[in-house]
file final-v2.txt (compact mmCIF, C-alpha atoms and all ligand atoms)
# COMPACT_ATOMS: atom_id res chain seq x y z
CA MET A 1 106.00 102.66 120.44
CA HIS A 2 102.68 103.88 121.83
CA ALA A 3 100.02 103.56 119.15
CA ASN A 4 97.30 106.16 119.11
CA SER A 5 95.18 105.61 116.05
CA ARG A 6 91.68 107.05 116.00
CA ALA A 7 88.78 104.65 115.57
CA ILE A 8 86.81 104.82 112.33
CA VAL A 9 84.04 107.42 112.31
CA THR A 10 81.30 106.89 109.76
CA ASN A 11 77.87 108.31 109.00
CA GLN A 12 76.69 104.87 107.86
CA PRO A 13 74.48 102.89 110.28
CA GLY A 14 74.96 99.69 108.25
CA PRO A 15 75.91 98.44 104.79
CA HIS A 16 75.59 101.19 102.21
CA GLN A 17 72.20 101.28 100.49
CA GLU A 18 73.84 101.78 97.12
CA LEU A 19 76.24 98.84 97.46
CA ALA A 20 74.22 96.30 95.46
CA ARG A 21 73.67 98.83 92.69
CA ARG A 22 77.38 99.68 92.52
CA VAL A 23 78.34 96.01 92.34
CA SER A 24 75.73 95.28 89.63
CA ARG A 25 77.04 98.18 87.65
CA ALA A 26 80.65 96.98 87.91
CA LEU A 27 79.56 93.53 86.76
CA VAL A 28 77.79 94.91 83.69
CA HIS A 29 79.70 98.00 82.57
CA PRO A 30 83.37 97.62 81.60
CA LEU A 31 85.79 99.97 83.34
CA LYS A 32 86.83 102.41 80.62
CA LYS A 33 89.69 104.17 82.39
CA PRO A 34 92.77 103.81 80.14
CA ILE A 35 95.74 102.00 81.67
CA ALA A 36 98.39 104.53 82.75
CA GLU A 37 101.70 104.15 80.95
CA HIS A 38 103.71 104.01 84.20
CA THR A 39 101.67 101.06 85.45
CA ARG A 40 101.90 99.31 82.08
CA SER A 41 105.67 99.51 82.23
CA ALA A 42 105.79 98.54 85.94
CA PHE A 43 103.59 95.56 85.16
CA ALA A 44 105.81 94.47 82.24
CA LYS A 45 108.83 94.47 84.56
CA ALA A 46 106.93 92.51 87.23
CA ASP A 47 105.74 90.03 84.60
CA ALA A 48 109.32 89.46 83.39
CA TRP A 49 110.57 89.06 86.98
CA ARG A 50 107.85 86.53 87.60
CA SER A 51 108.45 84.60 84.36
CA ALA A 52 112.05 84.09 85.49
CA ARG A 53 110.74 82.50 88.70
CA PRO A 54 108.05 80.00 87.76
CA ARG A 55 106.61 79.47 91.23
CA PRO A 56 103.14 80.03 92.75
CA LEU A 57 102.36 83.70 93.15
CA ILE A 58 101.20 85.73 96.13
CA LEU A 59 99.88 89.26 95.55
CA ASP A 60 100.08 91.81 98.37
CA ALA A 61 97.78 94.55 97.09
CA GLY A 62 98.33 97.94 98.73
CA CYS A 63 101.47 96.68 100.51
CA GLY A 64 102.47 100.11 101.92
CA VAL A 65 106.10 99.93 103.05
CA GLY A 66 106.26 96.25 102.06
CA LEU A 67 106.76 94.65 105.47
CA SER A 68 103.94 92.20 104.75
CA THR A 69 105.53 91.38 101.37
CA ARG A 70 108.77 90.54 103.15
CA GLN A 71 107.05 88.47 105.83
CA LEU A 72 104.95 86.55 103.32
CA ALA A 73 108.08 85.82 101.26
CA GLU A 74 109.70 84.33 104.34
CA GLN A 75 106.56 82.44 105.33
CA PHE A 76 106.14 80.99 101.79
CA PRO A 77 109.70 80.40 100.51
CA ASP A 78 108.44 78.24 97.63
CA HIS A 79 106.23 81.11 96.34
CA VAL A 80 107.04 84.45 94.80
CA VAL A 81 105.46 87.51 96.45
CA ILE A 82 104.70 90.75 94.63
CA GLY A 83 103.75 93.77 96.73
CA VAL A 84 102.05 96.60 94.86
CA ASP A 85 101.53 100.15 96.11
CA ARG A 86 101.09 103.51 94.43
CA SER A 87 103.07 105.41 97.04
CA ALA A 88 106.70 105.89 96.05
CA ASP A 89 107.31 107.38 99.48
CA ARG A 90 106.10 104.28 101.33
CA LEU A 91 107.87 101.86 99.00
CA SER A 92 111.15 103.71 99.33
CA ARG A 93 111.40 103.38 103.13
CA ASP A 94 114.34 101.25 104.09
CA HIS A 95 113.26 98.04 105.75
CA GLY A 96 116.32 96.02 104.80
CA GLU A 97 117.06 93.85 101.83
CA LEU A 98 114.17 92.14 100.10
CA PRO A 99 114.18 88.33 100.07
CA ASP A 100 114.99 86.85 96.63
CA ASN A 101 111.40 85.72 96.19
CA ALA A 102 109.87 89.16 96.82
CA LEU A 103 109.34 92.17 94.58
CA LEU A 104 107.91 95.61 95.36
CA VAL A 105 106.19 97.42 92.52
CA ARG A 106 105.01 101.00 92.33
CA ALA A 107 101.74 100.94 90.41
CA ASP A 108 98.08 101.85 90.52
CA LEU A 109 96.15 98.72 91.48
CA VAL A 110 93.15 99.81 89.39
CA ASP A 111 95.36 99.19 86.35
CA PHE A 112 97.68 96.53 87.76
CA TRP A 113 94.84 94.13 88.62
CA ARG A 114 93.38 94.45 85.11
CA LEU A 115 96.78 93.89 83.48
CA ALA A 116 97.42 90.86 85.70
CA LEU A 117 94.09 89.38 84.72
CA ALA A 118 94.67 90.06 81.02
CA ALA A 119 98.11 88.39 81.27
CA GLY A 120 96.53 85.27 82.77
CA TRP A 121 97.99 85.64 86.26
CA GLN A 122 96.34 83.32 88.76
CA PRO A 123 97.70 84.10 92.23
CA ALA A 124 97.67 81.25 94.73
CA ARG A 125 97.05 83.85 97.44
CA HIS A 126 95.87 87.43 97.26
CA TYR A 127 96.02 89.78 100.26
CA VAL A 128 94.34 93.16 100.62
CA LEU A 129 95.53 94.32 104.04
CA TYR A 130 94.03 97.40 105.66
CA PRO A 131 92.88 99.22 102.51
CA ASN A 132 92.02 102.91 102.87
CA PRO A 133 88.53 102.73 104.44
CA TYR A 134 86.88 105.83 102.98
CA PRO A 135 84.29 105.72 105.78
CA LYS A 136 82.07 108.59 104.62
CA ALA A 137 78.96 107.28 102.88
CA ALA A 138 79.66 109.59 99.95
CA HIS A 139 82.93 107.74 99.33
CA LEU A 140 81.50 104.25 98.72
CA LYS A 141 82.84 104.24 95.18
CA MET A 142 86.39 104.60 96.50
CA ARG A 143 86.18 101.43 98.62
CA TRP A 144 87.41 98.45 96.58
CA HIS A 145 84.02 96.71 96.67
CA GLY A 146 82.29 99.90 95.45
CA HIS A 147 84.86 100.53 92.73
CA PRO A 148 84.38 99.47 89.09
CA VAL A 149 87.59 97.38 89.35
CA PHE A 150 85.95 95.07 91.91
CA PRO A 151 85.17 92.19 89.47
CA ALA A 152 88.85 92.04 88.42
CA ILE A 153 89.93 91.54 92.06
CA LEU A 154 87.68 88.48 92.38
CA ALA A 155 88.34 87.23 88.83
CA LEU A 156 92.04 86.68 89.60
CA GLY A 157 91.04 83.90 91.99
CA GLY A 158 93.17 82.26 94.70
CA ARG A 159 93.01 82.25 98.47
CA PHE A 160 91.76 85.77 99.08
CA GLU A 161 92.18 87.59 102.38
CA LEU A 162 90.99 91.06 103.36
CA ARG A 163 91.78 92.66 106.72
CA SER A 164 90.50 95.96 108.11
CA ASN A 165 89.98 97.76 111.40
CA TRP A 166 86.52 98.72 110.11
CA ARG A 167 84.04 95.87 110.48
CA LEU A 168 81.58 97.43 108.05
CA TYR A 169 84.20 97.51 105.28
CA VAL A 170 84.67 93.75 105.60
CA GLU A 171 80.91 93.15 105.89
CA GLU A 172 80.23 95.18 102.76
CA PHE A 173 83.03 93.37 100.92
CA ALA A 174 81.45 90.04 101.94
CA LEU A 175 78.06 91.16 100.61
CA ALA A 176 79.68 92.24 97.35
CA ILE A 177 81.42 88.85 97.01
CA GLN A 178 78.13 87.08 97.55
CA GLN A 179 76.42 89.21 94.95
CA ALA A 180 79.16 88.67 92.37
CA THR A 181 79.95 84.99 92.95
CA GLY A 182 77.21 83.47 95.10
CA GLU A 183 79.85 82.58 97.74
CA VAL A 184 78.77 83.26 101.31
CA VAL A 185 81.57 84.59 103.49
CA HIS A 186 81.51 86.46 106.80
CA ALA A 187 83.56 89.10 108.56
CA GLU A 188 85.37 87.47 111.46
CA LEU A 189 87.22 88.99 114.38
CA TYR A 190 90.98 88.67 113.91
CA ARG A 191 93.33 88.51 116.91
CA PRO A 192 96.94 88.97 115.81
CA ASP A 193 98.36 87.25 118.91
CA GLY A 194 101.51 89.37 119.06
CA GLU A 195 102.40 88.78 115.39
CA PHE A 196 101.70 91.67 113.05
CA LEU A 197 101.74 91.27 109.30
CA THR A 198 101.66 95.02 108.59
CA PRO A 199 102.45 98.35 110.30
CA PHE A 200 98.78 99.36 110.17
CA GLU A 201 97.81 96.10 111.84
CA ARG A 202 100.30 96.82 114.63
CA LYS A 203 99.11 100.42 114.97
CA TYR A 204 95.39 99.62 115.11
CA HIS A 205 95.87 96.74 117.52
CA GLY A 206 98.15 98.85 119.69
CA SER A 207 95.40 101.47 119.86
CA GLY A 208 92.96 98.92 121.26
CA GLN A 209 90.90 98.60 118.06
CA SER A 210 89.31 95.34 116.93
CA LEU A 211 90.58 93.87 113.67
CA TRP A 212 88.36 92.13 111.12
CA ARG A 213 88.99 89.87 108.21
CA LEU A 214 87.44 87.62 105.59
CA GLN A 215 89.05 84.76 103.75
CA LEU A 216 87.84 82.52 100.99
CA ASP A 217 89.05 80.43 98.07
CA LEU A 218 88.07 81.94 94.76
CA PRO A 219 88.34 80.09 91.46
CA PRO A 220 89.93 82.10 88.65
CA ALA A 221 86.92 83.59 86.87
CA PRO A 222 87.87 86.03 84.09
CA GLU A 223 84.26 85.83 82.90
CA LEU A 224 83.30 88.05 85.88
CA LEU A 225 84.73 90.98 83.97
CA PRO A 226 82.13 92.58 81.71
CA THR A 227 83.05 92.62 78.03
CA PRO A 228 82.85 95.84 76.02
C1 LIG A 301 96.08 102.13 104.93
S1 LIG A 301 97.44 101.77 103.93
C2 LIG A 301 97.83 100.10 104.36
C3 LIG A 301 99.22 99.69 103.96
C4 LIG A 301 99.64 98.28 104.39
N1 LIG A 301 98.86 97.25 103.75
C5 LIG A 301 99.55 98.14 105.89
O1 LIG A 301 98.61 97.49 106.36
O2 LIG A 301 100.44 98.66 106.57
C6 LIG A 301 96.71 101.58 102.33
C7 LIG A 301 97.73 101.51 101.21
O3 LIG A 301 97.04 101.32 99.98
C8 LIG A 301 97.74 102.06 98.99
N2 LIG A 301 96.80 102.32 97.87
C9 LIG A 301 95.60 102.94 97.94
N3 LIG A 301 95.04 103.01 96.71
C10 LIG A 301 95.92 102.42 95.85
C11 LIG A 301 95.92 102.19 94.45
N4 LIG A 301 94.92 102.61 93.67
N5 LIG A 301 96.98 101.55 93.92
C12 LIG A 301 98.01 101.14 94.68
N6 LIG A 301 98.07 101.34 96.02
C13 LIG A 301 97.04 101.97 96.60
C14 LIG A 301 98.19 103.31 99.70
O4 LIG A 301 99.28 103.94 99.03
C15 LIG A 301 98.57 102.76 101.06
O5 LIG A 301 99.93 102.41 101.13
call {"tool": "encode", "arguments": {"input": "final-v2.txt", "output": "structure tokens", "more": "lines below"}}
Ligand SMILES: C[S@@+](CC[C@H](N)C(=O)[O-])C[C@H]1O[C@@H](n2cnc3c(N)ncnc32)[C@H](O)[C@@H]1O
result
Amino acid sequence: MHANSRAIVTNQPGPHQELARRVSRALVHPLKKPIAEHTRSAFAKADAWRSARPRPLILDAGCGVGLSTRQLAEQFPDHVVIGVDRSADRLSRDHGELPDNALLVRADLVDFWRLALAAGWQPARHYVLYPNPYPKAAHLKMRWHGHPVFPAILALGGRFELRSNWRLYVEEFALAIQQATGEVVHAELYRPDGEFLTPFERKYHGSGQSLWRLQLDLPPAPELLPTP
């Protein structure tokens, strides 16, 4: 298939000037948005599925059609892998049977991450692969590192990996991590070498775009979440 994905266009010359303020705010002011009932019930089912399989957990946050969830389940057969996405359409696409150690969940991550943290989940690995970039400066608050849920993402801990075709997204995320945890991490060029973990990775690479990622080990740190 010929990939023809447009490169990111942004009006930002560098990291957003409001980034540090957004992160400070998320670290101080609790996120008040009530948990949606559909995500509460999806989480309860995922929690029960997981309890029946007491193995290290991998979270695939924003898994799209779930190909990465499947691949990770095969790559880590002694783990359980939970892919979460809010799009019923993407999750319903037929990509064959799921491995026994994989589960796809339709849920809003803004709520799912907070429920996972409250339930004491501590993923061994946590992937955020090609999140929606929201490249307009006005949309900083929709990027995960500009969103009030950001502390919950880090607080879950584990080997964290973010990938994007937008270098600035990964650079901003790295700055936000440093601000929240003191950990210094850098955006690095990622060359997939013919192996693609997700459809977006395949599409961007096939269109000649560079891919970026950051990885680091995060300790579980529920105290990062501000208390009401
Ligand atoms: C650009 S796609 C990438 C999908 C997949 N990771 C890949 O690389 O092929 C971003 C995905 O994040 C999902 N997403 C965005 N915001 C979300 C949210 N609040 N909760 C759950 N999923 C979300 C979208 O539905 C979409 O499938």
call {"tool": "closest_atom_pairs", "arguments": {"input": "final-v2.txt", "of": "chain A", "to": "ligand LIG 301 (chain A)", "cutoff": "9 Å", "atoms": "only C-alpha atoms and all ligand atoms", "output": "CSV"}}
result
residue,atom,partner,partner_atom,distance
A:Asp60,CA,A:LIG301,N1,7.7
A:Ala61,CA,A:LIG301,N6,6.9
A:Gly62,CA,A:LIG301,O3,3.8
A:Cys63,CA,A:LIG301,N1,4.2
A:Gly64,CA,A:LIG301,O5,3.5
A:Val65,CA,A:LIG301,O2,6.8
A:Gly66,CA,A:LIG301,C4,7.3
A:Leu67,CA,A:LIG301,O2,7.6
A:Ser68,CA,A:LIG301,N1,7.2
A:Val84,CA,A:LIG301,C12,6.1
A:Asp85,CA,A:LIG301,N6,3.7
A:Arg86,CA,A:LIG301,C12,3.9
A:Ser87,CA,A:LIG301,O4,4.5
A:Ala88,CA,A:LIG301,O4,8.2
A:Asp89,CA,A:LIG301,O4,8.7
A:Arg90,CA,A:LIG301,O5,6.5
A:Leu91,CA,A:LIG301,O5,8.2
A:Arg106,CA,A:LIG301,C12,7.4
A:Ala107,CA,A:LIG301,C12,5.7
A:Asp108,CA,A:LIG301,N5,3.6
A:Leu109,CA,A:LIG301,N5,3.8
A:Val110,CA,A:LIG301,N4,5.4
A:Asp111,CA,A:LIG301,N4,8.1
A:Phe112,CA,A:LIG301,N5,8.0
A:Tyr127,CA,A:LIG301,N1,8.7
A:Val128,CA,A:LIG301,N1,6.9
A:Leu129,CA,A:LIG301,N1,4.4
A:Tyr130,CA,A:LIG301,O1,4.6
A:Pro131,CA,A:LIG301,C6,4.5
A:Asn132,CA,A:LIG301,C1,4.6
A:Pro133,CA,A:LIG301,C1,7.6
A:Met142,CA,A:LIG301,N3,8.8
A:Trp144,CA,A:LIG301,N3,8.9
A:Arg163,CA,A:LIG301,O1,8.4
A:Ser164,CA,A:LIG301,O1,8.4
A:Leu197,CA,A:LIG301,O1,7.6
A:Thr198,CA,A:LIG301,O2,4.3
A:Pro199,CA,A:LIG301,O2,4.2
A:Phe200,CA,A:LIG301,O2,4.0
A:Glu201,CA,A:LIG301,O1,5.7
A:Arg202,CA,A:LIG301,O2,8.3
A:Lys203,CA,A:LIG301,O2,8.7
call {"tool": "residues_around", "arguments": {"input": "final-v2.txt", "residues": "Phe150 (chain A)", "least_positions_apart": "3", "cutoff": "12 Å", "atoms": "all atoms listed in the file", "output": "PyMOL selection string"}}
result
chain A and resi 19+22-31+109-111+113-114+141-147+153-156+173+176-177+179-181+224-226
call {"tool": "atom_distance", "arguments": {"input": "final-v2.txt", "atom1": "CA of Phe43 (chain A)", "atom2": "CA of Phe160 (chain A)"}}
result
20.7 Å
call {"tool": "residues_around", "arguments": {"input": "final-v2.txt", "residues": "Leu115 (chain A)", "least_positions_apart": "5", "cutoff": "9 Å", "atoms": "all atoms listed in the file", "output": "list in words"}}
result
Ile35, Thr39, Arg40, Phe43, Gly120 and Trp121 of chain A
call {"tool": "atom_distance", "arguments": {"input": "final-v2.txt", "atom1": "CA of Thr227 (chain A)", "atom2": "CA of Pro34 (chain A)"}}
result
15.0 Å
call {"tool": "residues_near_point", "arguments": {"input": "final-v2.txt", "point": "(107.2, 89.1, 89.9)", "cutoff": "7 Å", "atoms": "all atoms listed in the file", "output": "number ranges by chain"}}
result
A: 46-50, 80-82, 103
call {"tool": "closest_residue", "arguments": {"input": "final-v2.txt", "among": "A:Glu188, A:Glu18, A:Thr10, A:Lys32", "to": "Pro228 (chain A)", "atoms": "all atoms listed in the file"}}
result
A:Lys32
call {"tool": "closest_residue", "arguments": {"input": "final-v2.txt", "among": "A:Ala124, A:Ala138, A:Tyr204, A:Glu161", "to": "Pro219 (chain A)", "atoms": "only C-alpha atoms"}}
result
A:Ala124
call {"tool": "atom_distance", "arguments": {"input": "final-v2.txt", "atom1": "CA of Ala44 (chain A)", "atom2": "CA of Val105 (chain A)"}}
result
10.7 Å
call {"tool": "closest_residue", "arguments": {"input": "final-v2.txt", "among": "A:Ala137, A:Ala221, A:Ala3, A:Asn101", "to": "Pro54 (chain A)", "atoms": "all atoms listed in the file"}}
result
A:Asn101
call {"tool": "axis_aligned_box", "arguments": {"input": "final-v2.txt", "around": "region 150-166 of chain A", "padding_each_side": "8 Å", "output": "lines of an AutoDock Vina configuration file"}}
result
center_x = 89.2
center_y = 90.5
center_z = 99.9
size_x = 24.0
size_y = 32.5
size_z = 39.0
call {"tool": "residues_near_point", "arguments": {"input": "final-v2.txt", "point": "(78.1, 109.3, 108.2)", "cutoff": "12 Å", "atoms": "only C-alpha atoms", "output": "list of chain:residue names"}}
result
A:Ile8, A:Val9, A:Thr10, A:Asn11, A:Gln12, A:Pro13, A:Gly14, A:Pro15, A:His16, A:Tyr134, A:Pro135, A:Lys136, A:Ala137, A:Ala138, A:His139, A:Leu140
call {"tool": "closest_residue", "arguments": {"input": "final-v2.txt", "among": "A:Arg125, A:Lys45, A:Lys33, A:Arg213", "to": "Leu162 (chain A)", "atoms": "only C-alpha atoms"}}
result
A:Arg213
call {"tool": "decode", "arguments": {"input": "final-v2.txt", "residues": "region 10-44 of chain A", "atoms": "C-alpha atoms", "output": "mmCIF file, in the first residue's frame"}}
result
data_model
loop_
_atom_site.group_PDB
_atom_site.id
_atom_site.type_symbol
_atom_site.label_atom_id
_atom_site.label_comp_id
_atom_site.auth_asym_id
_atom_site.auth_seq_id
_atom_site.Cartn_x
_atom_site.Cartn_y
_atom_site.Cartn_z
ATOM 1 C CA THR A 10 2.259 23.670 13.287
ATOM 2 C CA ASN A 11 2.362 27.367 14.130
ATOM 3 C CA GLN A 12 4.739 26.644 17.019
ATOM 4 C CA PRO A 13 8.437 27.460 16.474
ATOM 5 C CA GLY A 14 9.432 25.466 19.586
ATOM 6 C CA PRO A 15 8.039 24.109 22.848
ATOM 7 C CA HIS A 16 4.830 25.870 23.813
ATOM 8 C CA GLN A 17 5.354 28.876 26.079
ATOM 9 C CA GLU A 18 2.454 27.825 28.267
ATOM 10 C CA LEU A 19 3.671 24.243 28.758
ATOM 11 C CA ALA A 20 5.315 24.734 32.166
ATOM 12 C CA ARG A 21 2.264 26.579 33.438
ATOM 13 C CA ARG A 22 -0.091 23.837 32.232
ATOM 14 C CA VAL A 23 2.016 21.139 33.886
ATOM 15 C CA SER A 24 2.247 23.087 37.176
ATOM 16 C CA ARG A 25 -1.480 23.507 37.142
ATOM 17 C CA ALA A 26 -2.083 19.786 36.571
ATOM 18 C CA LEU A 27 0.249 18.979 39.455
ATOM 19 C CA VAL A 28 -1.594 21.297 41.842
ATOM 20 C CA HIS A 29 -5.264 21.277 40.828
ATOM 21 C CA PRO A 30 -7.146 17.960 40.894
ATOM 22 C CA LEU A 31 -8.978 17.042 37.700
ATOM 23 C CA LYS A 32 -12.650 17.476 38.577
ATOM 24 C CA LYS A 33 -14.229 15.866 35.519
ATOM 25 C CA PRO A 34 -16.553 13.108 36.800
ATOM 26 C CA ILE A 35 -15.768 9.588 35.617
ATOM 27 C CA ALA A 36 -18.176 8.579 32.838
ATOM 28 C CA GLU A 37 -20.348 5.591 33.690
ATOM 29 C CA HIS A 38 -19.397 3.705 30.500
ATOM 30 C CA THR A 39 -15.705 3.912 31.361
ATOM 31 C CA ARG A 40 -16.360 2.913 34.981
ATOM 32 C CA SER A 41 -18.109 -0.229 33.796
ATOM 33 C CA ALA A 42 -15.475 -0.938 31.099
ATOM 34 C CA PHE A 43 -12.778 -0.550 33.728
ATOM 35 C CA ALA A 44 -14.559 -2.925 36.139
#
